[in-house]
Amino acid sequence: MNKVAATLCLFLLSLYRTGAFSVAPTNTQNGISKSIDPEYPQNFTGRLWFNPALVKVDKNLQPGSDVSIISLFGYTLGGTVTLEYDSSPVGPYREYVTMSALVSKRGSIGQWGSRLYVSTQEAEDVCRDIWGVPAELANIDFVEESKCLKVTAPPNPTLANPDKIDICVEGWKNTRVLCKEDYEYANGSPKRYGNVPVNWTPTIKALWAPFVPSNDKGDISLSLPLHKLRLSASAIRLHWSGLEKSSKWEKLECGIPLGLGLIVDNVLIEIGVRCDEDL
């Protein structure tokens, strides 16, 4: 998935401006989630961390499909998104997304991910087969201990053997905002807030604001399959993410971390059926 900068900012504001509870009809057994809402047939639960960064625009790395990169003085807003799914249509797994740019199309603003890595073969298969997401299999390690969240081993897409991509994130315990008592008090199901609508074009791994101002569809051959998402969560926090001073950030498309990240715990991501109109 994915599962972000402009969207998560919208998510942050919406969680505090709306009192809407998430009442999505879901069923989970052994980490396999099943939705009984036909409009949103797949759902994921867990937690995520968005680590924003200033990314230098690479003219050789473009989203295509008539999508334009928004930049200033040669830099755009990107970063990394790491997710731990407790439940999904294929069971628990981890995900790491390299967010490469703030983008626009037909007046809509979005966040584009150039690479998406998953920790299980089942997750890679479902991403490719159901939604057309070009996911990649990787060894993704989330280390619990560390005072702050930080990516200590970013993926290296230039490796001669892409089958041996190792990714490591430290301080993952900081994403667990809810404590044991929160779950016990709520009988294992803490309330989620939000139901924030988001647009998603899986084939280029981009999330968009939930409205498209322009009716000009342009070249139909460049249109993108569009899905609606709904995002809800029990807790959301800003967290100091640390600044690792290393030249590898630029070389590995990580950009320059801003130092302040966004944590979302007990998140529910619901994926809608393909929309009648593409983006």
# chains A, B, ... in the order shown; residues from 1 in each chain; ligands from 1
call {"tool": "residues_around", "arguments": {"residues": "range 82-87 of chain A", "least_positions_apart": "4", "cutoff": "6 Å", "atoms": "only C-alpha atoms", "output": "PyMOL selection string"}}
result
chain A and resi 31-33+44-49+91-96
call {"tool": "residues_around", "arguments": {"residues": "range 177-185 of chain A", "least_positions_apart": "4", "cutoff": "9 Å", "atoms": "only C-alpha atoms", "output": "list in words"}}
result
Lys173, Ser189, Pro190, Ser234, Ala235, Ile236, Arg237, Ile263, Val264, Asp265 and Asn266 of chain A
call {"tool": "residues_around", "arguments": {"residues": "Lys59 in chain A", "least_positions_apart": "4", "cutoff": "12 Å", "atoms": "only C-alpha atoms", "output": "list in words"}}
result
Pro63, Gly64, Ser68, Ile69, Ser71, Gly74, Tyr75, Ser100 and Ala101 of chain A
call {"tool": "closest_atom_pairs", "arguments": {"of": "range 56-173 of chain A", "to": "range 202-226 of chain A", "cutoff": "9 Å", "atoms": "only C-alpha atoms", "output": "Markdown table"}}
result
| residue | atom | partner | partner_atom | distance |
| --- | --- | --- | --- | --- |
| A:Pro63 | CA | A:Ile204 | CA | 6.6 |
| A:Gly64 | CA | A:Leu222 | CA | 8.2 |
| A:Ser65 | CA | A:Leu222 | CA | 4.6 |
| A:Asp66 | CA | A:Leu222 | CA | 6.4 |
| A:Val97 | CA | A:Lys205 | CA | 8.9 |
| A:Met99 | CA | A:Ala206 | CA | 8.9 |
| A:Val103 | CA | A:Ala206 | CA | 8.7 |
| A:Ser104 | CA | A:Trp208 | CA | 8.5 |
| A:Lys105 | CA | A:Val212 | CA | 8.3 |
| A:Arg106 | CA | A:Ser214 | CA | 5.0 |
| A:Gly107 | CA | A:Pro213 | CA | 5.4 |
| A:Ser108 | CA | A:Val212 | CA | 5.1 |
| A:Ile109 | CA | A:Trp208 | CA | 5.7 |
| A:Gly110 | CA | A:Trp208 | CA | 4.0 |
| A:Gln111 | CA | A:Leu207 | CA | 5.4 |
| A:Trp112 | CA | A:Ala206 | CA | 4.3 |
| A:Gly113 | CA | A:Lys205 | CA | 5.2 |
| A:Ser114 | CA | A:Lys205 | CA | 7.0 |
| A:Arg115 | CA | A:Lys205 | CA | 7.9 |
| A:Leu116 | CA | A:Lys205 | CA | 7.7 |
| A:Cys127 | CA | A:Pro202 | CA | 8.7 |
| A:Arg128 | CA | A:Thr203 | CA | 8.9 |
| A:Trp131 | CA | A:Pro202 | CA | 6.1 |
| A:Gly132 | CA | A:Thr203 | CA | 5.3 |
| A:Val133 | CA | A:Thr203 | CA | 4.9 |
| A:Pro134 | CA | A:Thr203 | CA | 6.8 |
call {"tool": "residues_around", "arguments": {"residues": "Gly272 in chain A", "least_positions_apart": "5", "cutoff": "10 Å", "atoms": "only C-alpha atoms", "output": "VMD selection string"}}
result
chain A and resid 37 to 43 199 to 200 226 to 230
call {"tool": "write_last_selection", "arguments": {"atoms": "N, CA and C atoms", "output": "PDB file, in the first residue's frame"}}
result
ATOM      1  N   ASP A  37     -18.111  -4.851   3.873  1.00  0.00           N
ATOM      2  CA  ASP A  37     -18.592  -3.667   3.177  1.00  0.00           C
ATOM      3  C   ASP A  37     -18.222  -3.818   1.701  1.00  0.00           C
ATOM      4  N   PRO A  38     -19.187  -4.051   0.816  1.00  0.00           N
ATOM      5  CA  PRO A  38     -18.865  -4.297  -0.599  1.00  0.00           C
ATOM      6  C   PRO A  38     -18.198  -3.115  -1.293  1.00  0.00           C
ATOM      7  N   GLU A  39     -18.400  -1.896  -0.766  1.00  0.00           N
ATOM      8  CA  GLU A  39     -17.775  -0.725  -1.372  1.00  0.00           C
ATOM      9  C   GLU A  39     -16.291  -0.612  -1.000  1.00  0.00           C
ATOM     10  N   TYR A  40     -15.920  -1.213   0.133  1.00  0.00           N
ATOM     11  CA  TYR A  40     -14.522  -1.212   0.593  1.00  0.00           C
ATOM     12  C   TYR A  40     -14.148  -2.646   0.964  1.00  0.00           C
ATOM     13  N   PRO A  41     -13.863  -3.467  -0.041  1.00  0.00           N
ATOM     14  CA  PRO A  41     -13.711  -4.910   0.184  1.00  0.00           C
ATOM     15  C   PRO A  41     -12.420  -5.350   0.867  1.00  0.00           C
ATOM     16  N   GLN A  42     -11.400  -4.486   0.919  1.00  0.00           N
ATOM     17  CA  GLN A  42     -10.163  -4.860   1.603  1.00  0.00           C
ATOM     18  C   GLN A  42      -9.829  -3.839   2.685  1.00  0.00           C
ATOM     19  N   ASN A  43      -9.263  -4.330   3.796  1.00  0.00           N
ATOM     20  CA  ASN A  43      -8.834  -3.403   4.847  1.00  0.00           C
ATOM     21  C   ASN A  43      -7.578  -3.905   5.542  1.00  0.00           C
ATOM     22  N   ASN A 199      -7.933   9.670  -2.163  1.00  0.00           N
ATOM     23  CA  ASN A 199      -7.853   9.012  -3.467  1.00  0.00           C
ATOM     24  C   ASN A 199      -6.527   8.281  -3.591  1.00  0.00           C
ATOM     25  N   TRP A 200      -6.539   7.173  -4.333  1.00  0.00           N
ATOM     26  CA  TRP A 200      -5.344   6.331  -4.460  1.00  0.00           C
ATOM     27  C   TRP A 200      -5.218   5.827  -5.888  1.00  0.00           C
ATOM     28  N   LEU A 226      -8.238   4.537 -10.437  1.00  0.00           N
ATOM     29  CA  LEU A 226      -8.452   5.289  -9.207  1.00  0.00           C
ATOM     30  C   LEU A 226      -9.311   4.497  -8.229  1.00  0.00           C
ATOM     31  N   HIS A 227      -8.876   4.506  -6.955  1.00  0.00           N
ATOM     32  CA  HIS A 227      -9.632   3.880  -5.874  1.00  0.00           C
ATOM     33  C   HIS A 227      -9.859   4.909  -4.771  1.00  0.00           C
ATOM     34  N   LYS A 228     -10.946   4.737  -4.034  1.00  0.00           N
ATOM     35  CA  LYS A 228     -11.193   5.537  -2.846  1.00  0.00           C
ATOM     36  C   LYS A 228     -10.647   4.785  -1.623  1.00  0.00           C
ATOM     37  N   LEU A 229     -10.045   5.526  -0.701  1.00  0.00           N
ATOM     38  CA  LEU A 229      -9.615   4.967   0.576  1.00  0.00           C
ATOM     39  C   LEU A 229     -10.347   5.673   1.700  1.00  0.00           C
ATOM     40  N   ARG A 230     -10.452   4.988   2.850  1.00  0.00           N
ATOM     41  CA  ARG A 230     -10.901   5.621   4.087  1.00  0.00           C
ATOM     42  C   ARG A 230      -9.859   5.340   5.142  1.00  0.00           C
TER      43      ARG A 230
END
call {"tool": "select_by_dssp", "arguments": {"residues": "range 45-261 of chain A", "states": "strand (DSSP E)", "output": "PyMOL selection string"}}
result
chain A and resi 45-56+68-70+75-87+93-105+108-118+136-137+139-143+150-153+166-170+193-201+206-208+227-233+235-240+256-257+260-261
call {"tool": "atom_distance", "arguments": {"atom1": "CA of Gln121 in chain A", "atom2": "CA of Val267 in chain A"}}
result
22.9 Å
